file entry-v8.txt (compact mmCIF, C-alpha atoms)
# COMPACT_ATOMS: atom_id res chain seq x y z
CA MET K 20 0.91 -92.78 2.16
CA SER K 21 1.58 -90.46 5.10
CA ALA K 22 1.00 -86.75 4.72
CA SER K 23 4.74 -86.11 4.93
CA GLN K 24 5.60 -88.60 2.19
CA SER K 25 6.03 -87.40 -1.39
CA SER K 26 4.76 -89.33 -4.40
CA ASP K 27 8.43 -89.37 -5.54
CA ASP K 28 9.76 -90.94 -2.33
CA LEU K 29 11.39 -94.34 -2.69
CA THR K 30 9.29 -97.32 -1.58
CA LEU K 31 9.71 -101.08 -1.54
CA LEU K 32 7.07 -103.56 -2.65
CA VAL K 33 7.54 -106.74 -0.63
CA LYS K 34 5.66 -109.75 -2.01
CA ILE K 35 5.44 -113.08 -0.14
CA PHE K 36 3.80 -116.13 -1.72
CA GLY K 37 3.42 -119.79 -0.90
CA LYS K 38 1.36 -122.15 1.24
CA ASP K 39 -0.81 -120.29 3.73
CA ARG K 40 -0.36 -120.94 7.43
CA PRO K 41 -0.99 -118.99 10.66
CA GLY K 42 1.59 -116.35 11.54
CA ILE K 43 2.81 -115.35 8.08
CA THR K 44 1.47 -111.79 8.16
CA ALA K 45 2.65 -111.14 11.72
CA GLY K 46 6.03 -112.69 10.94
CA LEU K 47 6.63 -110.50 7.88
CA PHE K 48 5.82 -107.28 9.69
CA ASP K 49 7.88 -108.31 12.73
CA THR K 50 10.78 -108.73 10.31
CA LEU K 51 10.17 -105.35 8.66
CA ALA K 52 9.72 -103.59 12.00
CA ALA K 53 13.42 -103.98 12.75
CA TYR K 54 14.14 -101.55 9.88
CA SER K 55 11.82 -98.70 11.01
CA VAL K 56 9.78 -98.68 7.82
CA ASP K 57 6.23 -97.32 7.56
CA VAL K 58 3.39 -99.25 5.94
CA VAL K 59 1.96 -97.53 2.85
CA ASP K 60 -0.36 -100.30 1.61
CA ILE K 61 -1.15 -103.96 2.28
CA GLU K 62 -3.04 -106.56 0.31
CA GLN K 63 -3.41 -110.26 1.01
CA VAL K 64 -5.22 -112.95 -0.97
CA VAL K 65 -5.62 -116.64 -0.14
CA THR K 66 -6.82 -118.98 -2.88
CA ARG K 67 -7.07 -122.74 -2.34
CA GLY K 68 -4.59 -122.56 0.50
CA ARG K 69 -2.04 -120.47 -1.40
CA MET K 70 -1.25 -116.98 -0.09
CA VAL K 71 -0.05 -113.85 -1.83
CA LEU K 72 0.82 -111.08 0.63
CA CYS K 73 1.96 -107.70 -0.67
CA ALA K 74 3.31 -104.92 1.55
CA LEU K 75 4.26 -101.51 0.20
CA VAL K 76 6.63 -99.85 2.70
CA THR K 77 8.86 -96.81 2.88
CA GLN K 78 12.55 -97.18 2.16
CA PRO K 79 14.59 -98.09 5.25
CA PRO K 80 17.28 -95.74 6.57
CA THR K 81 20.32 -95.23 4.35
CA GLY K 82 22.52 -98.28 4.06
CA LEU K 83 19.96 -100.77 5.43
CA GLU K 84 18.07 -101.75 2.28
CA GLY K 85 20.45 -104.57 1.37
CA ASP K 86 20.23 -105.99 4.89
CA LEU K 87 16.43 -105.74 4.82
CA ARG K 88 16.28 -107.63 1.55
CA ALA K 89 18.54 -110.41 2.81
CA THR K 90 16.64 -110.71 6.10
CA VAL K 91 13.22 -110.89 4.40
CA HIS K 92 14.43 -113.55 1.96
CA SER K 93 15.96 -115.56 4.81
CA TRP K 94 12.77 -115.31 6.88
CA ALA K 95 10.62 -116.33 3.89
CA GLU K 96 12.82 -119.36 3.23
CA SER K 97 12.50 -120.39 6.89
CA MET K 98 8.71 -120.28 6.45
CA LYS K 99 8.96 -122.26 3.17
CA MET K 100 7.66 -119.22 1.30
CA GLN K 101 9.08 -117.22 -1.60
CA ALA K 102 9.83 -113.51 -1.51
CA GLU K 103 10.16 -110.83 -4.15
CA ILE K 104 11.18 -107.23 -3.38
CA LEU K 105 10.86 -104.43 -5.92
CA SER K 106 12.09 -100.86 -5.60
CA GLY K 107 10.00 -97.99 -6.85
CA ARG K 108 8.62 -94.57 -6.05
CA GLY K 109 5.50 -93.50 -4.23
CA ASP K 110 2.18 -95.27 -3.73
CA ASN K 111 -0.16 -96.97 -6.19
CA ARG K 112 -1.23 -94.63 -8.95
CA PRO K 113 -4.36 -92.69 -8.02
CA ARG K 114 -7.61 -94.39 -8.98
CA GLY K 115 -9.58 -92.69 -11.70
CA LEU K 116 -12.76 -90.77 -11.03
CA GLY K 117 -15.92 -92.83 -11.11
CA ARG K 118 -16.02 -95.75 -8.70
CA SER K 119 -18.30 -98.73 -9.23
CA LEU K 120 -18.76 -102.23 -7.88
CA VAL K 121 -19.49 -104.83 -10.53
CA THR K 122 -20.99 -108.08 -9.26
CA VAL K 123 -20.93 -111.03 -11.64
CA LEU K 124 -23.06 -114.13 -10.96
CA GLY K 125 -22.52 -117.35 -12.87
CA HIS K 126 -23.94 -120.84 -12.57
CA PRO K 127 -21.21 -121.75 -13.41
CA LEU K 128 -18.97 -118.71 -13.97
CA THR K 129 -16.82 -119.62 -16.96
CA ALA K 130 -13.36 -118.33 -17.82
CA GLU K 131 -14.74 -117.03 -21.13
CA ALA K 132 -17.43 -114.99 -19.38
CA THR K 133 -14.91 -113.57 -16.92
CA ALA K 134 -12.53 -112.62 -19.73
CA ARG K 135 -15.22 -110.87 -21.75
CA ILE K 136 -16.60 -108.96 -18.75
CA ALA K 137 -13.09 -107.81 -17.85
CA ALA K 138 -12.41 -106.79 -21.45
CA ARG K 139 -15.66 -104.85 -21.64
CA ILE K 140 -14.74 -102.96 -18.45
CA THR K 141 -11.45 -101.97 -20.08
CA GLN K 142 -13.16 -100.96 -23.34
CA ALA K 143 -15.54 -98.75 -21.36
CA GLY K 144 -12.55 -96.88 -19.93
CA GLY K 145 -12.51 -98.58 -16.54
CA ASN K 146 -9.69 -100.09 -14.53
CA ILE K 147 -10.14 -103.12 -12.28
CA ASP K 148 -8.62 -102.25 -8.92
CA ARG K 149 -9.59 -105.35 -6.96
CA ILE K 150 -11.49 -108.60 -7.39
CA PHE K 151 -13.13 -110.44 -4.52
CA ARG K 152 -15.20 -113.63 -4.39
CA LEU K 153 -18.48 -113.17 -2.55
CA ALA K 154 -19.84 -116.71 -2.86
CA LYS K 155 -19.31 -120.11 -4.40
CA TYR K 156 -22.81 -121.45 -3.55
CA PRO K 157 -25.53 -121.59 -4.83
CA VAL K 158 -23.85 -119.57 -7.58
CA THR K 159 -20.34 -118.26 -8.07
CA ALA K 160 -20.37 -114.54 -7.30
CA VAL K 161 -17.37 -112.24 -7.73
CA GLU K 162 -17.09 -108.51 -7.21
CA PHE K 163 -14.89 -106.19 -9.27
CA ALA K 164 -13.96 -102.80 -7.84
CA VAL K 165 -13.71 -100.54 -10.90
CA SER K 166 -12.52 -96.95 -11.27
CA GLY K 167 -12.12 -94.55 -14.16
CA VAL K 168 -15.63 -94.72 -15.62
CA GLU K 169 -19.00 -93.50 -14.38
CA THR K 170 -21.52 -96.09 -13.18
CA GLU K 171 -24.29 -95.56 -15.73
CA PRO K 172 -22.24 -95.98 -18.95
CA LEU K 173 -20.46 -98.96 -17.39
CA ARG K 174 -23.81 -100.54 -16.50
CA THR K 175 -25.07 -100.05 -20.06
CA ALA K 176 -21.95 -101.58 -21.58
CA LEU K 177 -21.93 -104.61 -19.27
CA ALA K 178 -25.67 -105.28 -19.55
CA LYS K 179 -25.30 -106.04 -23.27
CA GLU K 180 -22.29 -108.28 -22.66
CA ALA K 181 -24.02 -110.13 -19.81
CA ALA K 182 -27.10 -110.85 -21.94
CA ALA K 183 -24.91 -112.32 -24.67
CA LEU K 184 -22.95 -114.44 -22.18
CA GLY K 185 -25.88 -115.67 -20.11
CA VAL K 186 -24.48 -114.36 -16.83
CA ASP K 187 -25.93 -111.85 -14.39
CA VAL K 188 -24.13 -108.56 -13.85
CA ALA K 189 -25.02 -105.77 -11.43
CA VAL K 190 -23.27 -102.40 -11.43
CA VAL K 191 -23.71 -100.03 -8.51
CA ALA K 192 -21.88 -96.91 -7.43
CA ALA K 193 -19.23 -97.60 -4.80
CA GLY K 194 -19.39 -95.87 -1.46
CA LEU K 195 -20.69 -96.11 2.08
CA HIS K 196 -24.32 -95.94 0.92
CA ARG K 197 -24.12 -99.47 -0.44
CA ARG K 198 -23.95 -100.98 3.03
CA ALA K 199 -26.46 -98.39 4.24
CA GLN K 200 -29.29 -99.72 2.04
CA ARG K 201 -31.78 -100.52 4.76
CA LEU K 202 -35.08 -101.29 3.03
CA VAL K 203 -35.80 -104.12 0.58
CA VAL K 204 -39.26 -104.32 -1.01
CA MET K 205 -40.24 -107.18 -3.29
CA ASP K 206 -43.10 -108.37 -5.43
CA VAL K 207 -44.83 -111.55 -4.28
CA ASP K 208 -46.20 -113.64 -7.17
CA SER K 209 -43.35 -115.33 -9.10
CA THR K 210 -40.80 -113.47 -6.96
CA LEU K 211 -41.15 -114.19 -3.25
CA ILE K 212 -43.31 -117.19 -4.08
CA GLN K 213 -43.35 -119.54 -7.07
CA ASP K 214 -47.09 -119.21 -7.66
CA GLU K 215 -49.65 -116.76 -9.04
CA VAL K 216 -52.11 -116.46 -6.15
CA ILE K 217 -55.17 -115.69 -8.27
CA GLU K 218 -54.55 -118.91 -10.20
CA LEU K 219 -54.56 -120.86 -6.94
CA PHE K 220 -57.95 -119.35 -6.08
CA ALA K 221 -59.19 -119.98 -9.62
CA ALA K 222 -58.27 -123.66 -9.36
CA HIS K 223 -60.67 -124.00 -6.42
CA ALA K 224 -63.38 -122.09 -8.30
CA GLY K 225 -62.97 -124.22 -11.42
CA CYS K 226 -62.26 -121.21 -13.61
CA GLU K 227 -58.56 -121.55 -14.34
CA ASP K 228 -59.04 -121.34 -18.10
CA GLN K 229 -61.13 -118.18 -17.90
CA VAL K 230 -58.60 -116.51 -15.57
CA ALA K 231 -55.81 -117.51 -17.93
CA GLU K 232 -57.69 -115.93 -20.84
CA VAL K 233 -58.05 -112.63 -19.00
CA THR K 234 -54.39 -112.74 -17.99
CA ALA K 235 -53.38 -113.33 -21.62
CA ALA K 236 -55.51 -110.38 -22.74
CA ALA K 237 -53.76 -108.18 -20.19
CA MET K 238 -50.36 -109.41 -21.39
CA ARG K 239 -51.36 -108.47 -24.96
CA GLY K 240 -52.17 -104.98 -23.74
CA GLU K 241 -55.92 -105.33 -24.33
CA LEU K 242 -56.64 -104.70 -20.63
CA ASP K 243 -54.77 -102.65 -18.06
CA PHE K 244 -53.94 -104.18 -14.70
CA GLU K 245 -56.96 -102.78 -12.85
CA GLN K 246 -59.37 -103.97 -15.55
CA SER K 247 -57.83 -107.43 -15.60
CA LEU K 248 -57.84 -107.61 -11.79
CA HIS K 249 -61.56 -106.85 -11.59
CA ALA K 250 -62.34 -109.25 -14.45
CA ARG K 251 -60.43 -112.13 -12.86
CA VAL K 252 -61.68 -111.53 -9.32
CA ALA K 253 -65.27 -111.46 -10.62
CA LEU K 254 -64.83 -115.10 -11.64
CA LEU K 255 -64.28 -116.01 -7.97
CA ALA K 256 -67.75 -114.79 -6.87
CA GLY K 257 -69.52 -117.28 -4.61
CA LEU K 258 -66.37 -119.15 -3.59
CA ASP K 259 -66.48 -120.20 0.08
CA ALA K 260 -64.12 -118.17 2.27
CA SER K 261 -62.68 -121.38 3.71
CA VAL K 262 -60.65 -121.62 0.50
CA VAL K 263 -58.34 -118.91 1.84
CA ASP K 264 -56.70 -121.33 4.27
CA LYS K 265 -56.31 -123.91 1.50
CA VAL K 266 -54.61 -121.38 -0.79
CA ARG K 267 -52.28 -120.29 2.00
CA SER K 268 -51.18 -123.90 2.48
CA GLU K 269 -50.54 -124.28 -1.27
CA VAL K 270 -48.25 -121.26 -1.58
CA ARG K 271 -44.65 -122.29 -2.31
CA LEU K 272 -41.82 -119.97 -1.33
CA THR K 273 -39.15 -119.38 -3.96
CA PRO K 274 -35.90 -121.24 -3.15
CA GLY K 275 -33.72 -118.97 -1.05
CA ALA K 276 -36.60 -116.71 0.08
CA ARG K 277 -36.28 -117.57 3.76
CA THR K 278 -32.49 -117.21 3.61
CA LEU K 279 -32.76 -113.82 1.91
CA ILE K 280 -35.16 -112.42 4.48
CA ARG K 281 -33.42 -113.99 7.48
CA THR K 282 -30.04 -112.60 6.41
CA LEU K 283 -31.38 -109.13 5.63
CA LYS K 284 -33.10 -108.95 9.01
CA ARG K 285 -29.96 -110.17 10.76
CA LEU K 286 -27.97 -107.40 9.04
CA GLY K 287 -30.43 -104.74 10.14
CA TYR K 288 -32.41 -104.27 6.94
CA GLN K 289 -36.17 -103.75 6.91
CA VAL K 290 -38.09 -105.92 4.43
CA GLY K 291 -41.50 -105.51 2.84
CA VAL K 292 -43.71 -106.87 0.07
CA VAL K 293 -46.15 -105.26 -2.33
CA SER K 294 -48.46 -107.38 -4.41
CA GLY K 295 -51.16 -107.19 -7.04
CA GLY K 296 -52.44 -110.31 -5.26
CA PHE K 297 -54.36 -110.38 -2.03
CA THR K 298 -53.90 -109.49 1.62
CA GLN K 299 -55.48 -112.82 2.52
CA VAL K 300 -52.12 -114.31 1.48
CA THR K 301 -49.64 -111.49 2.07
CA ASP K 302 -50.77 -110.99 5.69
CA ASP K 303 -50.00 -114.65 6.32
CA LEU K 304 -46.59 -114.30 4.65
CA GLN K 305 -45.87 -111.24 6.77
CA ASP K 306 -46.53 -113.22 9.95
CA ARG K 307 -44.60 -116.30 8.83
CA LEU K 308 -41.53 -114.47 7.55
CA GLY K 309 -41.38 -111.55 9.98
CA LEU K 310 -41.81 -108.90 7.29
CA ASP K 311 -41.87 -105.26 8.33
CA PHE K 312 -44.30 -104.11 5.62
CA ALA K 313 -46.93 -105.77 3.44
CA GLN K 314 -49.59 -104.35 1.15
CA ALA K 315 -51.84 -105.96 -1.46
CA ASN K 316 -55.40 -105.92 -2.78
CA THR K 317 -58.12 -107.33 -0.52
CA LEU K 318 -60.76 -109.83 -1.62
CA GLU K 319 -64.16 -108.79 -0.34
CA ILE K 320 -65.88 -111.47 1.77
CA VAL K 321 -69.52 -111.19 2.80
CA ASP K 322 -71.43 -113.87 4.74
CA GLY K 323 -68.55 -116.33 4.34
CA LYS K 324 -68.40 -116.00 0.54
CA LEU K 325 -66.14 -114.16 -1.89
CA THR K 326 -68.20 -111.45 -3.61
CA GLY K 327 -66.04 -111.24 -6.71
CA ARG K 328 -64.89 -107.74 -5.77
CA VAL K 329 -61.85 -106.16 -4.14
CA THR K 330 -61.92 -103.45 -1.50
CA GLY K 331 -59.65 -100.58 -0.60
CA GLU K 332 -56.69 -99.10 -2.46
CA ILE K 333 -55.80 -100.92 -5.68
CA VAL K 334 -52.18 -102.05 -5.81
CA ASP K 335 -51.21 -101.74 -9.45
CA ARG K 336 -48.02 -100.70 -11.25
CA ALA K 337 -48.14 -97.09 -10.03
CA GLY K 338 -49.37 -98.23 -6.63
CA LYS K 339 -46.29 -100.40 -6.06
CA ALA K 340 -43.98 -97.44 -6.60
CA ARG K 341 -46.18 -95.32 -4.35
CA LEU K 342 -46.00 -97.96 -1.60
CA LEU K 343 -42.22 -98.21 -1.94
CA ARG K 344 -42.01 -94.49 -1.21
CA ARG K 345 -44.45 -94.84 1.69
CA PHE K 346 -42.53 -97.73 3.24
CA ALA K 347 -39.25 -95.83 2.84
CA ALA K 348 -40.71 -92.79 4.60
CA GLU K 349 -42.04 -94.93 7.44
CA ALA K 350 -38.70 -96.74 7.75
CA GLY K 351 -36.77 -93.46 7.70
CA VAL K 352 -34.73 -94.64 4.70
CA PRO K 353 -33.90 -92.35 1.75
CA LEU K 354 -35.34 -93.66 -1.51
CA ALA K 355 -31.82 -93.88 -2.93
CA GLN K 356 -31.05 -96.50 -0.26
CA THR K 357 -33.93 -98.81 -1.14
CA VAL K 358 -33.85 -102.06 -3.10
CA ALA K 359 -36.83 -103.31 -5.13
CA ILE K 360 -37.17 -106.82 -6.57
CA GLY K 361 -39.75 -107.94 -9.13
CA ASP K 362 -40.38 -109.94 -12.27
CA GLY K 363 -43.16 -108.32 -14.30
CA ALA K 364 -44.03 -105.13 -16.14
CA ASN K 365 -46.28 -104.35 -13.19
CA ASP K 366 -43.10 -103.89 -11.13
CA LEU K 367 -41.30 -101.50 -13.48
CA ASP K 368 -42.25 -98.24 -11.75
CA MET K 369 -41.15 -99.65 -8.42
CA LEU K 370 -37.86 -100.95 -9.83
CA ASN K 371 -37.11 -97.59 -11.43
CA ALA K 372 -37.99 -95.65 -8.28
CA ALA K 373 -35.68 -97.67 -6.03
CA GLY K 374 -32.01 -96.98 -5.53
CA LEU K 375 -31.37 -100.48 -6.87
CA GLY K 376 -33.99 -102.27 -8.96
CA VAL K 377 -33.44 -106.01 -9.42
CA ALA K 378 -35.26 -108.01 -12.09
CA PHE K 379 -35.69 -111.56 -10.79
CA ASN K 380 -36.20 -114.18 -13.54
CA ALA K 381 -38.06 -111.42 -15.29
CA LYS K 382 -39.60 -110.73 -18.69
CA PRO K 383 -37.08 -109.29 -21.22
CA VAL K 384 -38.59 -105.80 -21.04
CA VAL K 385 -38.12 -105.80 -17.26
CA ARG K 386 -34.55 -107.10 -17.43
CA GLU K 387 -33.63 -104.34 -19.86
CA ALA K 388 -35.12 -101.60 -17.69
CA ALA K 389 -33.85 -102.76 -14.27
CA HIS K 390 -30.52 -101.77 -12.72
CA ALA K 391 -29.60 -105.44 -12.29
CA ALA K 392 -30.96 -108.85 -13.23
CA VAL K 393 -30.82 -112.27 -11.59
CA ASN K 394 -31.69 -115.23 -13.80
CA VAL K 395 -31.03 -118.16 -11.47
CA PRO K 396 -33.87 -119.70 -9.40
CA PHE K 397 -32.41 -118.74 -6.01
CA LEU K 398 -33.80 -115.57 -4.46
CA ASP K 399 -30.98 -115.31 -1.93
CA THR K 400 -28.50 -114.55 -4.73
CA VAL K 401 -29.83 -110.99 -4.52
CA LEU K 402 -27.73 -110.73 -1.34
CA TYR K 403 -24.55 -110.84 -3.40
CA LEU K 404 -25.68 -107.79 -5.36
CA LEU K 405 -25.72 -105.98 -2.01
CA GLY K 406 -22.15 -107.05 -1.25
CA VAL K 407 -23.20 -109.65 1.32
CA THR K 408 -20.84 -112.63 1.33
CA ARG K 409 -21.73 -116.29 1.65
CA GLU K 410 -19.96 -116.31 5.02
CA GLU K 411 -22.36 -113.63 6.29
CA VAL K 412 -25.31 -115.68 5.03
CA GLU K 413 -24.07 -118.75 6.88
CA ALA K 414 -23.47 -116.68 10.02
CA ALA K 415 -27.10 -115.53 9.90
CA ASP K 416 -28.21 -119.14 9.50
CA ALA K 417 -26.12 -120.24 12.46
CA HIS K 418 -27.53 -117.44 14.61
CA GLU K 419 -31.07 -118.51 13.66
CA GLU K 420 -30.36 -122.10 14.75
CA ARG K 421 -29.10 -121.11 18.21

call {"tool": "encode", "arguments": {"input": "entry-v8.txt", "output": "structure tokens"}}
result
Amino acid sequence: MSASQSSDDLTLLVKIFGKDRPGITAGLFDTLAAYSVDVVDIEQVVTRGRMVLCALVTQPPTGLEGDLRATVHSWAESMKMQAEILSGRGDNRPRGLGRSLVTVLGHPLTAEATARIAARITQAGGNIDRIFRLAKYPVTAVEFAVSGVETEPLRTALAKEAAALGVDVAVVAAGLHRRAQRLVVMDVDSTLIQDEVIELFAAHAGCEDQVAEVTAAAMRGELDFEQSLHARVALLAGLDASVVDKVRSEVRLTPGARTLIRTLKRLGYQVGVVSGGFTQVTDDLQDRLGLDFAQANTLEIVDGKLTGRVTGEIVDRAGKARLLRRFAAEAGVPLAQTVAIGDGANDLDMLNAAGLGVAFNAKPVVREAAHAAVNVPFLDTVLYLLGVTREEVEAADAHEER
């Protein structure tokens, strides 16, 4: 609405709908231009080749409204479209305070899930202003622009509904900062890759069962991460260093990992990894994937053999959060504009420290604590939580192929 226009001024809502074809939008506004109206708002949606185009315009000069209506209907008929024109006053009602973007991922996304998410938004005091599809592959991803309720209570309300429905829902505050998130840091084992690196080493040392026992003790809370790390690495003592190359060749990237990183880099993001695993693997991943940052524990090697010890700074739960802050400082990115991705309790501090913490196929305690959760096996679905569309992903792929 222009500054000179009152909220009580008469306006016309012109709605055109029918089969989409080139020239509809230009044709409508060419038709309206003859009546010296101003554009107050526009919205256009195309679904399966069917268009709905809405134009909110000021009332034409006195005595011309009837002619405008007749002309628009005649033009629409000539284009094999339908027209509807409604009189009213002013612009759309002001949006309520509290703006959030709600991303819903489904594989598939059912009508029931959509209905219940929409109902929960309403029950929380929110209003859905717009809905936009981000992707149809490898999951269906839709984004709701919601106003009238603060982000945190809306996130809490939708998290419970999402868990019951078996869909993934992310709620973030709307605003320019969403597209300004310029650093993504992720865990490695069972996040960036499908494997647990220490188990790959243990397989070559013939001590898989013992490593599994120590891991189970740590999961039961009988050992903290640092204790379990030292206990497991000790079992690798005497292993020939040549096994490092074998383990590197055995590492399997999570589906969508390359697409995620390639797209983020294409869009100007910086990307890093932090791992309770080993630099002997993460350094290789950094080179292969073009990562900006990488930090992990380092297996000590003396005279071509693993000593059963690690050297340098231990990367544990607190260490991952500390490294996130360090990477953000080096990248010149405010912590509020960082994204962290992980699956285990060891990632919780990092997920909580980031502006957006994403639990990827995570343990229940991690899903409950994170800002958002993804429970499909495709790492690139995280892109949709950042508002990146499938078209942008495909554009990044096409650029890579050139």

call {"tool": "atom_distance", "arguments": {"input": "entry-v8.txt", "atom1": "atom CA of Ser166 of chain K", "atom2": "atom CA of Val385 of chain K"}}
result
27.7 Å

call {"tool": "residues_near_point", "arguments": {"input": "entry-v8.txt", "point": "(5.3, -104.8, 3.2)", "cutoff": "7 Å", "atoms": "all atoms listed in the file", "output": "list in words"}}
result
Leu32, Val33, Phe48, Val58, Ile61, Cys73, Ala74, Leu75 and Val76 of chain K

call {"tool": "residues_around", "arguments": {"input": "entry-v8.txt", "residues": "segment 227-229 of chain K", "least_positions_apart": "6", "cutoff": "9 Å", "atoms": "all atoms listed in the file", "output": "list in words"}}
result
Glu218, Leu219, Phe220, Ala221, Arg251 and Leu254 of chain K

call {"tool": "closest_residue", "arguments": {"input": "entry-v8.txt", "among": "K:Pro79, K:Asp243, K:Gly363, K:Arg281", "to": "Val384 of chain K", "atoms": "all atoms listed in the file"}}
result
K:Gly363

call {"tool": "closest_residue", "arguments": {"input": "entry-v8.txt", "among": "K:Gln63, K:Asn394, K:Ser294, K:Thr282", "to": "Met369 of chain K", "atoms": "all atoms listed in the file"}}
result
K:Ser294

call {"tool": "axis_aligned_box", "arguments": {"input": "entry-v8.txt", "around": "segment 238-256 of chain K", "padding_each_side": "6 Å", "output": "lines of an AutoDock Vina configuration file"}}
result
center_x = -59.1
center_y = -109.3
center_z = -15.9
size_x = 29.4
size_y = 25.4
size_z = 30.1

call {"tool": "closest_residue", "arguments": {"input": "entry-v8.txt", "among": "K:Thr170, K:Thr30, K:Thr66, K:Ser93", "to": "Arg108 of chain K", "atoms": "only C-alpha atoms"}}
result
K:Thr30

call {"tool": "residues_near_point", "arguments": {"input": "entry-v8.txt", "point": "(-72.1, -113.9, 1.0)", "cutoff": "12 Å", "atoms": "only C-alpha atoms", "output": "ChimeraX atom specification"}}
result
/K:256-260,319-328

call {"tool": "closest_atom_pairs", "arguments": {"input": "entry-v8.txt", "of": "segment 101-170 of chain K", "to": "segment 180-195 of chain K", "cutoff": "10 Å", "atoms": "all atoms listed in the file", "output": "JSON lines"}}
result
{"residue": "K:Gly117", "atom": "CA", "partner": "K:Ala192", "partner_atom": "CA", "distance": 8.1}
{"residue": "K:Arg118", "atom": "CA", "partner": "K:Ala193", "partner_atom": "CA", "distance": 5.4}
{"residue": "K:Ser119", "atom": "CA", "partner": "K:Ala192", "partner_atom": "CA", "distance": 4.4}
{"residue": "K:Leu120", "atom": "CA", "partner": "K:Val191", "partner_atom": "CA", "distance": 5.5}
{"residue": "K:Val121", "atom": "CA", "partner": "K:Val190", "partner_atom": "CA", "distance": 4.6}
{"residue": "K:Thr122", "atom": "CA", "partner": "K:Ala189", "partner_atom": "CA", "distance": 5.1}
{"residue": "K:Val123", "atom": "CA", "partner": "K:Val188", "partner_atom": "CA", "distance": 4.6}
{"residue": "K:Leu124", "atom": "CA", "partner": "K:Asp187", "partner_atom": "CA", "distance": 5.0}
{"residue": "K:Gly125", "atom": "CA", "partner": "K:Val186", "partner_atom": "CA", "distance": 5.3}
{"residue": "K:His126", "atom": "CA", "partner": "K:Val186", "partner_atom": "CA", "distance": 7.8}
{"residue": "K:Pro127", "atom": "CA", "partner": "K:Val186", "partner_atom": "CA", "distance": 8.8}
{"residue": "K:Leu128", "atom": "CA", "partner": "K:Val186", "partner_atom": "CA", "distance": 7.6}
{"residue": "K:Thr129", "atom": "CA", "partner": "K:Val186", "partner_atom": "CA", "distance": 9.3}
{"residue": "K:Glu131", "atom": "CA", "partner": "K:Leu184", "partner_atom": "CA", "distance": 8.7}
{"residue": "K:Ala132", "atom": "CA", "partner": "K:Leu184", "partner_atom": "CA", "distance": 6.2}
{"residue": "K:Thr133", "atom": "CA", "partner": "K:Val186", "partner_atom": "CA", "distance": 9.6}
{"residue": "K:Arg135", "atom": "CA", "partner": "K:Glu180", "partner_atom": "CA", "distance": 7.6}
{"residue": "K:Ile136", "atom": "CA", "partner": "K:Glu180", "partner_atom": "CA", "distance": 6.9}
{"residue": "K:Arg139", "atom": "CA", "partner": "K:Glu180", "partner_atom": "CA", "distance": 7.5}
{"residue": "K:Ala160", "atom": "CA", "partner": "K:Asp187", "partner_atom": "CA", "distance": 9.4}
{"residue": "K:Val161", "atom": "CA", "partner": "K:Val188", "partner_atom": "CA", "distance": 9.8}
{"residue": "K:Glu162", "atom": "CA", "partner": "K:Ala189", "partner_atom": "CA", "distance": 9.4}
{"residue": "K:Phe163", "atom": "CA", "partner": "K:Val190", "partner_atom": "CA", "distance": 9.4}
{"residue": "K:Ala164", "atom": "CA", "partner": "K:Ala193", "partner_atom": "CA", "distance": 8.0}
{"residue": "K:Val165", "atom": "CA", "partner": "K:Ala193", "partner_atom": "CA", "distance": 8.7}
{"residue": "K:Ser166", "atom": "CA", "partner": "K:Ala193", "partner_atom": "CA", "distance": 9.3}
{"residue": "K:Glu169", "atom": "CA", "partner": "K:Ala192", "partner_atom": "CA", "distance": 8.3}
{"residue": "K:Thr170", "atom": "CA", "partner": "K:Ala192", "partner_atom": "CA", "distance": 5.8}

call {"tool": "residues_around", "arguments": {"input": "entry-v8.txt", "residues": "Phe397 of chain K", "least_positions_apart": "4", "cutoff": "8 Å", "atoms": "only C-alpha atoms", "output": "list of chain:residue names"}}
result
K:Pro157, K:Thr273, K:Pro274, K:Gly275, K:Ala276

call {"tool": "atom_distance", "arguments": {"input": "entry-v8.txt", "atom1": "atom CA of Pro41 of chain K", "atom2": "atom CA of Val65 of chain K"}}
result
12.0 Å

call {"tool": "atom_distance", "arguments": {"input": "entry-v8.txt", "atom1": "atom CA of Thr159 of chain K", "atom2": "atom CA of Val407 of chain K"}}
result
13.1 Å

call {"tool": "closest_atom_pairs", "arguments": {"input": "entry-v8.txt", "of": "segment 387-413 of chain K", "to": "segment 371-383 of chain K", "cutoff": "8 Å", "atoms": "only C-alpha atoms", "output": "Markdown table"}}
result
| residue | atom | partner | partner_atom | distance |
| --- | --- | --- | --- | --- |
| K:Glu387 | CA | K:Pro383 | CA | 6.2 |
| K:Ala388 | CA | K:Asn371 | CA | 7.7 |
| K:Ala389 | CA | K:Gly376 | CA | 5.3 |
| K:His390 | CA | K:Gly376 | CA | 5.1 |
| K:Ala391 | CA | K:Val377 | CA | 4.8 |
| K:Ala392 | CA | K:Ala378 | CA | 4.5 |
| K:Val393 | CA | K:Phe379 | CA | 5.0 |
| K:Asn394 | CA | K:Asn380 | CA | 4.6 |
| K:Val395 | CA | K:Asn380 | CA | 6.8 |
| K:Pro396 | CA | K:Asn380 | CA | 7.3 |
| K:Leu398 | CA | K:Phe379 | CA | 7.7 |
| K:Val401 | CA | K:Val377 | CA | 7.9 |

call {"tool": "residues_around", "arguments": {"input": "entry-v8.txt", "residues": "Met70 of chain K", "least_positions_apart": "2", "cutoff": "9 Å", "atoms": "all atoms listed in the file", "output": "PyMOL selection string"}}
result
chain K and resi 35-40+63-68+72

call {"tool": "residues_around", "arguments": {"input": "entry-v8.txt", "residues": "segment 85-89 of chain K", "least_positions_apart": "2", "cutoff": "10 Å", "atoms": "all atoms listed in the file", "output": "list in words"}}
result
Leu31, Val33, Thr50, Leu51, Ala53, Tyr54, Gln78, Pro79, Thr81, Gly82, Leu83, Val91, His92, Ser93, Trp94, Ala95, Ala102, Glu103, Ile104 and Leu105 of chain K
